[in-house]
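Worksheet: the structure to be examined is printed underneath.
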Amino acid sequence: MNAGESLKQKKSAVNTALDSILAGDGSVLSQAMRYAVLSGGKRFRPLLTLSAGESFGADQNTVLPFACAIELIHNYSLIHDDLPCLDNDDFRRGKPACHKAYGEDIALLAGDGLLTLAFELMAGSSLKGQAASVRGEVIIEVSRSAGVGGMIGGQMLDVTLTPEGISKEEFQSIIEKKTASLILASVKTGALLGQAPLSQMDAIYDYGKNIGLAFQTRDDILDSEEDDSGIGVSRPNSISVYGYEKTKERLERYIGLAIAALDKISLDTKELKFLAEMLLKVKKGKENAKNTG
C-alpha cells in the first residue's frame, strides 16, 4: 500500500472516531459541535499524529484518541477565529461558519466544548505499558502548544499587529505560535506515544516545526491567489511581509528542511514525507476557500 492509500485509511479512521466522540445528546450545542468538526477538513494534524506514532511503532488505537483530541482543539480555534470579533468570516469549508448556522452564543460555547472535550479524551484514554508513562508529557505538550505560549498567543499577535507596522521577526513569531505550534505538537505526540528515543526527537522537532511553517505559508499563498477583491489585507501574512515570489521560495525551503530532518531517522517515514510534499500543491478552487485542514 502506498502512502496516499494508507493515509486515506487513517483519515477514515479519524472521521469514524470523531463521529462517535461527538455523538452527543441531540442538543443544539452538541449539534453545533458536530457541525463544526464533521463538515469537512483535511485532518492534517491527526494524520501527522498517527503517521508519526506508526513510524515509531505505536499502535493506531493507542494514538487515535490523542489525534482526535488535537483535531478538536484545531476546530475549536476555527470556530472562534470565524467570530465577528476576530476574523469575521461567514464561511468555513464551503459552508456557513458555525456562528452563522447556530448564532454567536452557541458557536462560542461549541468551541469551548470542543476544547474541554479534547482534554477529557487525552486524560481518559486507555494506555498500556510504556505509553501510559508519557500521558502527562503529551498533555503538557499539547496544552502549551494550544495556550498563551502557542496558538492563543499567536492569535493575540495576529489581531494586534498590522501589515504596515509589523517586522519580519514579529511575523515569524505569529506563524510559529498560531499555526506551527499545534502542528509541531501533533508530530511530537505521535513520537512520544511511540516511545521515540531522545536521539531522534530533535529530528522530529525540526520536521514538525518546518511543516507547521510550511502549512501557514501555503495557506497565505492560496489566500492571495483567491483574493481578487483588491481590498488588501487587514492582518499580516507571508505575502504582505515577503512578497509572493519570496513566499513561494520560503514554502519550498520549509518543506525541504522538513524532509531533510526525516532523512536523519532510520525508520519508515514515507507518510510523513507524503504529508510534507502535498503542501507544495498550492492550487485550489475558490469553492474550497477557508478549508484550512
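Labeling convention for the C-alpha cells: chains A, B, ... as they appear, residues from 1 per chain, ligands from 1 in order of appearance.
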* **Shell around A:Leu7 at 8 Å using only C-alpha atoms, local window under 4 positions removed, as a list in words** => Ala3, Lys11, Leu47 and Glu271 of chain A
Could you write out that same residue set with C-alpha atoms as a PDB file, in the first residue's frame?
```
ATOM      1  CA  ALA A   3       1.433   6.396   1.402  1.00  0.00           C
ATOM      2  CA  LYS A  11      -8.376   9.713   7.646  1.00  0.00           C
ATOM      3  CA  LEU A  47      -2.787  12.340  10.229  1.00  0.00           C
ATOM      4  CA  GLU A 271       3.657   9.025   5.151  1.00  0.00           C
TER       5      GLU A 271
END
```
Pick out the residues sitting within 10 Å of A:Ser234, and hand them over as number ranges by chain; count only C-alpha atoms, and ignore anything fewer than 3 positions along from it in its own chain.
A: 87, 158-159, 161-164, 231, 237, 240
Kindly save the residues from that selection, with N, CA and C atoms included, as a PDB file, in the first residue's frame.
```
ATOM      1  N   ASP A  87     -11.863  37.189  13.110  1.00  0.00           N
ATOM      2  CA  ASP A  87     -11.684  37.294  11.653  1.00  0.00           C
ATOM      3  C   ASP A  87     -12.956  37.664  10.905  1.00  0.00           C
ATOM      4  N   ASP A 158      -1.729  38.241  16.097  1.00  0.00           N
ATOM      5  CA  ASP A 158      -2.374  38.393  14.797  1.00  0.00           C
ATOM      6  C   ASP A 158      -3.420  39.507  14.813  1.00  0.00           C
ATOM      7  N   VAL A 159      -4.131  39.650  15.926  1.00  0.00           N
ATOM      8  CA  VAL A 159      -5.194  40.655  15.970  1.00  0.00           C
ATOM      9  C   VAL A 159      -4.692  42.022  16.426  1.00  0.00           C
ATOM     10  N   LEU A 161      -1.276  43.234  15.711  1.00  0.00           N
ATOM     11  CA  LEU A 161      -0.255  43.780  14.822  1.00  0.00           C
ATOM     12  C   LEU A 161      -0.851  44.017  13.428  1.00  0.00           C
ATOM     13  N   THR A 162      -0.370  45.037  12.738  1.00  0.00           N
ATOM     14  CA  THR A 162      -0.903  45.384  11.417  1.00  0.00           C
ATOM     15  C   THR A 162       0.131  45.087  10.335  1.00  0.00           C
ATOM     16  N   PRO A 163      -0.313  44.852   9.092  1.00  0.00           N
ATOM     17  CA  PRO A 163       0.630  44.594   7.998  1.00  0.00           C
ATOM     18  C   PRO A 163       1.620  45.735   7.794  1.00  0.00           C
ATOM     19  N   GLU A 164       1.183  46.959   8.093  1.00  0.00           N
ATOM     20  CA  GLU A 164       2.042  48.109   7.836  1.00  0.00           C
ATOM     21  C   GLU A 164       3.192  48.218   8.836  1.00  0.00           C
ATOM     22  N   ILE A 231      -8.997  44.690  -2.205  1.00  0.00           N
ATOM     23  CA  ILE A 231      -9.153  45.484  -0.990  1.00  0.00           C
ATOM     24  C   ILE A 231      -7.867  45.527  -0.181  1.00  0.00           C
ATOM     25  N   ASN A 237       0.348  38.715   6.708  1.00  0.00           N
ATOM     26  CA  ASN A 237       0.540  37.380   6.143  1.00  0.00           C
ATOM     27  C   ASN A 237       1.861  37.345   5.384  1.00  0.00           C
ATOM     28  N   SER A 240       2.245  39.837   2.425  1.00  0.00           N
ATOM     29  CA  SER A 240       2.411  41.243   2.770  1.00  0.00           C
ATOM     30  C   SER A 240       3.791  41.518   3.358  1.00  0.00           C
TER      31      SER A 240
END
```
_Could you pull out the strand (DSSP E) residues of stretch 47-267 of chain A, going by DSSP on the backbone, and write them as a ChimeraX atom specification?_
/A:91-92,95-96
**Request:** With a distance cut-off of 10 Å and only C-alpha atoms, select the neighbouring residues of A:Ile21, excluding the residue or stretch itself and same-chain residues fewer than 4 positions from it, and output the selection as a VMD selection string.
**Result:** chain A and resid 15 to 17 34 65 68 to 69 117 to 118 121
### Task
For atom CA of A:Val142 and atom CA of A:Arg235, quote the distance in Å rounded to one decimal.
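Distance reported for this atom pair: 26.0 Å.
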Who sits within 9 Å of A:Ile265, only C-alpha atoms, same chain under 4 positions skipped, as a PDB file with C-alpha atoms, in the first residue's frame:
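Below is the file that was written, result-v9.pdb:
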```pdb
ATOM      1  CA  GLN A 200      15.621  11.135  17.300  1.00  0.00           C
ATOM      2  CA  ALA A 203      14.789  15.453  14.030  1.00  0.00           C
ATOM      3  CA  ILE A 204      11.073  15.093  14.819  1.00  0.00           C
ATOM      4  CA  ALA A 261      15.037  16.115   9.054  1.00  0.00           C
ATOM      5  CA  THR A 269       8.585   7.846   7.345  1.00  0.00           C
TER       6      THR A 269
END
```
| request: Tell me which protein, DNA and RNA residues are within 12 Å of A:Val28, counting only C-alpha atoms, leaving out same-chain ones fewer than 2 positions away, and put them as a PyMOL selection string. | output: chain A and resi 24-26+30-35+98+101-103+105-107+109-110
Selection from above, N, CA and C atoms, as a short mmCIF file (atom, residue, chain, number, x, y, z; two decimals), in the first residue's frame, can you write it?
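Now in part.cif:
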```cif
data_model
loop_
_atom_site.label_atom_id
_atom_site.label_comp_id
_atom_site.auth_asym_id
_atom_site.auth_seq_id
_atom_site.Cartn_x
_atom_site.Cartn_y
_atom_site.Cartn_z
N GLY A 24 -23.00 12.94 21.08
CA GLY A 24 -23.76 13.95 21.81
C GLY A 24 -25.12 13.49 22.29
N ASP A 25 -25.90 14.45 22.76
CA ASP A 25 -27.22 14.16 23.32
C ASP A 25 -28.34 14.74 22.48
N GLY A 26 -28.01 15.21 21.28
CA GLY A 26 -29.02 15.76 20.41
C GLY A 26 -29.35 17.22 20.67
N SER A 30 -24.59 20.18 21.11
CA SER A 30 -23.91 19.02 20.53
C SER A 30 -24.03 19.04 19.01
N GLN A 31 -25.14 19.52 18.49
CA GLN A 31 -25.30 19.64 17.04
C GLN A 31 -24.29 20.63 16.46
N ALA A 32 -24.09 21.74 17.16
CA ALA A 32 -23.14 22.75 16.70
C ALA A 32 -21.72 22.21 16.73
N MET A 33 -21.38 21.45 17.75
CA MET A 33 -20.05 20.85 17.85
C MET A 33 -19.82 19.88 16.69
N ARG A 34 -20.83 19.06 16.42
CA ARG A 34 -20.72 18.12 15.30
C ARG A 34 -20.61 18.88 13.97
N TYR A 35 -21.40 19.90 13.81
CA TYR A 35 -21.40 20.68 12.58
C TYR A 35 -20.01 21.24 12.30
N CYS A 98 -19.85 28.32 11.85
CA CYS A 98 -20.68 27.83 12.95
C CYS A 98 -21.56 28.93 13.53
N ALA A 101 -24.53 29.56 11.33
CA ALA A 101 -25.50 28.47 11.34
C ALA A 101 -26.25 28.37 12.67
N TYR A 102 -25.57 28.71 13.77
CA TYR A 102 -26.17 28.48 15.09
C TYR A 102 -26.22 29.72 15.98
N GLY A 103 -25.66 30.82 15.53
CA GLY A 103 -25.61 32.02 16.35
C GLY A 103 -24.29 32.13 17.10
N ASP A 105 -23.62 32.99 20.18
CA ASP A 105 -23.59 32.45 21.54
C ASP A 105 -23.35 30.94 21.54
N ILE A 106 -24.08 30.22 20.69
CA ILE A 106 -23.92 28.77 20.63
C ILE A 106 -22.55 28.40 20.06
N ALA A 107 -22.10 29.16 19.06
CA ALA A 107 -20.79 28.88 18.46
C ALA A 107 -19.67 29.05 19.49
N LEU A 109 -19.86 28.69 22.69
CA LEU A 109 -19.92 27.57 23.62
C LEU A 109 -19.50 26.26 22.96
N ALA A 110 -19.81 26.11 21.68
CA ALA A 110 -19.38 24.91 20.96
C ALA A 110 -17.86 24.83 20.91
#
```
For A:Lys10, work out the shell of residues within 12 Å, counting only C-alpha atoms and skipping chain neighbours fewer than 3 positions away, then give it as JSON, numbers by chain.
{"A": [3, 4, 5, 6, 7, 13, 14, 15, 16, 17, 42, 43, 44, 45, 46, 47, 48, 49, 50, 51, 53, 54, 60, 61, 63, 64, 67, 68, 271]}
Let's have the selection written as a PDB file, in the first residue's frame, with N, CA and C atoms.
```
ATOM      1  N   ALA A   3       1.700   5.457   0.311  1.00  0.00           N
ATOM      2  CA  ALA A   3       1.433   6.396   1.402  1.00  0.00           C
ATOM      3  C   ALA A   3       0.066   7.064   1.253  1.00  0.00           C
ATOM      4  N   GLY A   4      -0.292   7.436   0.036  1.00  0.00           N
ATOM      5  CA  GLY A   4      -1.574   8.083  -0.167  1.00  0.00           C
ATOM      6  C   GLY A   4      -2.744   7.207   0.251  1.00  0.00           C
ATOM      7  N   GLU A   5      -2.681   5.917  -0.095  1.00  0.00           N
ATOM      8  CA  GLU A   5      -3.757   4.994   0.252  1.00  0.00           C
ATOM      9  C   GLU A   5      -3.826   4.758   1.759  1.00  0.00           C
ATOM     10  N   SER A   6      -2.664   4.581   2.389  1.00  0.00           N
ATOM     11  CA  SER A   6      -2.665   4.340   3.831  1.00  0.00           C
ATOM     12  C   SER A   6      -3.138   5.573   4.603  1.00  0.00           C
ATOM     13  N   LEU A   7      -2.848   6.765   4.088  1.00  0.00           N
ATOM     14  CA  LEU A   7      -3.329   7.977   4.739  1.00  0.00           C
ATOM     15  C   LEU A   7      -4.837   8.125   4.584  1.00  0.00           C
ATOM     16  N   ALA A  13     -10.439   6.447   9.572  1.00  0.00           N
ATOM     17  CA  ALA A  13     -10.472   6.051  10.981  1.00  0.00           C
ATOM     18  C   ALA A  13     -10.686   7.258  11.884  1.00  0.00           C
ATOM     19  N   VAL A  14     -10.042   8.372  11.547  1.00  0.00           N
ATOM     20  CA  VAL A  14     -10.216   9.603  12.320  1.00  0.00           C
ATOM     21  C   VAL A  14     -11.658  10.085  12.234  1.00  0.00           C
ATOM     22  N   ASN A  15     -12.219  10.116  11.035  1.00  0.00           N
ATOM     23  CA  ASN A  15     -13.584  10.595  10.861  1.00  0.00           C
ATOM     24  C   ASN A  15     -14.597   9.708  11.584  1.00  0.00           C
ATOM     25  N   THR A  16     -14.377   8.406  11.536  1.00  0.00           N
ATOM     26  CA  THR A  16     -15.264   7.480  12.252  1.00  0.00           C
ATOM     27  C   THR A  16     -15.185   7.712  13.756  1.00  0.00           C
ATOM     28  N   ALA A  17     -13.967   7.879  14.252  1.00  0.00           N
ATOM     29  CA  ALA A  17     -13.789   8.111  15.687  1.00  0.00           C
ATOM     30  C   ALA A  17     -14.408   9.440  16.109  1.00  0.00           C
ATOM     31  N   LYS A  42      -9.222  18.466   6.047  1.00  0.00           N
ATOM     32  CA  LYS A  42      -8.221  17.509   5.567  1.00  0.00           C
ATOM     33  C   LYS A  42      -7.717  16.582   6.659  1.00  0.00           C
ATOM     34  N   ARG A  43      -7.976  16.935   7.931  1.00  0.00           N
ATOM     35  CA  ARG A  43      -7.488  16.153   9.087  1.00  0.00           C
ATOM     36  C   ARG A  43      -5.960  16.073   9.067  1.00  0.00           C
ATOM     37  N   PHE A  44      -5.326  17.161   8.673  1.00  0.00           N
ATOM     38  CA  PHE A  44      -3.871  17.184   8.537  1.00  0.00           C
ATOM     39  C   PHE A  44      -3.182  16.894   9.863  1.00  0.00           C
ATOM     40  N   ARG A  45      -3.626  17.507  10.932  1.00  0.00           N
ATOM     41  CA  ARG A  45      -2.963  17.340  12.226  1.00  0.00           C
ATOM     42  C   ARG A  45      -3.090  15.920  12.777  1.00  0.00           C
ATOM     43  N   PRO A  46      -4.300  15.327  12.801  1.00  0.00           N
ATOM     44  CA  PRO A  46      -4.369  13.944  13.282  1.00  0.00           C
ATOM     45  C   PRO A  46      -3.623  12.953  12.396  1.00  0.00           C
ATOM     46  N   LEU A  47      -3.562  13.226  11.100  1.00  0.00           N
ATOM     47  CA  LEU A  47      -2.787  12.340  10.229  1.00  0.00           C
ATOM     48  C   LEU A  47      -1.301  12.405  10.577  1.00  0.00           C
ATOM     49  N   LEU A  48      -0.814  13.590  10.902  1.00  0.00           N
ATOM     50  CA  LEU A  48       0.570  13.720  11.352  1.00  0.00           C
ATOM     51  C   LEU A  48       0.795  12.916  12.625  1.00  0.00           C
ATOM     52  N   THR A  49      -0.148  13.002  13.552  1.00  0.00           N
ATOM     53  CA  THR A  49      -0.014  12.288  14.820  1.00  0.00           C
ATOM     54  C   THR A  49       0.011  10.786  14.603  1.00  0.00           C
ATOM     55  N   LEU A  50      -0.928  10.293  13.819  1.00  0.00           N
ATOM     56  CA  LEU A  50      -0.991   8.849  13.564  1.00  0.00           C
ATOM     57  C   LEU A  50       0.234   8.368  12.794  1.00  0.00           C
ATOM     58  N   SER A  51       0.668   9.137  11.815  1.00  0.00           N
ATOM     59  CA  SER A  51       1.816   8.718  10.998  1.00  0.00           C
ATOM     60  C   SER A  51       3.106   8.743  11.808  1.00  0.00           C
ATOM     61  N   GLY A  53       3.303   8.389  15.070  1.00  0.00           N
ATOM     62  CA  GLY A  53       3.216   7.270  16.000  1.00  0.00           C
ATOM     63  C   GLY A  53       3.553   5.953  15.333  1.00  0.00           C
ATOM     64  N   GLU A  54       3.023   5.738  14.129  1.00  0.00           N
ATOM     65  CA  GLU A  54       3.280   4.498  13.408  1.00  0.00           C
ATOM     66  C   GLU A  54       4.755   4.363  13.045  1.00  0.00           C
ATOM     67  N   GLN A  60      -2.189   2.066  16.298  1.00  0.00           N
ATOM     68  CA  GLN A  60      -3.109   3.137  15.909  1.00  0.00           C
ATOM     69  C   GLN A  60      -4.169   3.384  16.972  1.00  0.00           C
ATOM     70  N   ASN A  61      -4.665   2.339  17.607  1.00  0.00           N
ATOM     71  CA  ASN A  61      -5.696   2.510  18.633  1.00  0.00           C
ATOM     72  C   ASN A  61      -5.180   3.276  19.838  1.00  0.00           C
ATOM     73  N   VAL A  63      -2.896   5.749  19.626  1.00  0.00           N
ATOM     74  CA  VAL A  63      -2.666   7.134  19.219  1.00  0.00           C
ATOM     75  C   VAL A  63      -3.953   7.850  18.846  1.00  0.00           C
ATOM     76  N   LEU A  64      -4.955   7.115  18.365  1.00  0.00           N
ATOM     77  CA  LEU A  64      -6.153   7.721  17.791  1.00  0.00           C
ATOM     78  C   LEU A  64      -6.868   8.716  18.718  1.00  0.00           C
ATOM     79  N   ALA A  67      -4.913  11.899  18.606  1.00  0.00           N
ATOM     80  CA  ALA A  67      -5.032  12.537  17.290  1.00  0.00           C
ATOM     81  C   ALA A  67      -6.372  13.254  17.175  1.00  0.00           C
ATOM     82  N   CYS A  68      -7.438  12.620  17.645  1.00  0.00           N
ATOM     83  CA  CYS A  68      -8.763  13.242  17.601  1.00  0.00           C
ATOM     84  C   CYS A  68      -8.834  14.449  18.539  1.00  0.00           C
ATOM     85  N   GLU A 271       4.882   8.246   5.000  1.00  0.00           N
ATOM     86  CA  GLU A 271       3.657   9.025   5.151  1.00  0.00           C
ATOM     87  C   GLU A 271       3.959  10.453   5.572  1.00  0.00           C
TER      88      GLU A 271
END
```
In stretch 72-214 of chain A, DSSP alpha helix (DSSP H) residues written as a ChimeraX atom specification
/A:72-82,98-102,104-124,135-146,151-160,168-175,181-193,198-214
Legend entry - Using only C-alpha atoms: which of A:Ser39, A:Ser133, A:Ser55, A:Ser167 has the shortest distance to A:Arg92: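 Among A:Ser39, A:Ser133, A:Ser55, A:Ser167, it is A:Ser39 that comes nearest to A:Arg92.
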Residues near A:His99, cut-off 10 Å, only C-alpha atoms, skip fewer than 5 positions along chain, as a ChimeraX atom specification:
/A:32,36,79-80,82-84,88-91,104-108,110
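Of the residues under consideration (A:Met151, A:Ile221, A:Leu192, A:Leu72), A:Ile221 shows the shortest atom-to-atom contact distance to A:Gly243 when counting only C-alpha atoms.
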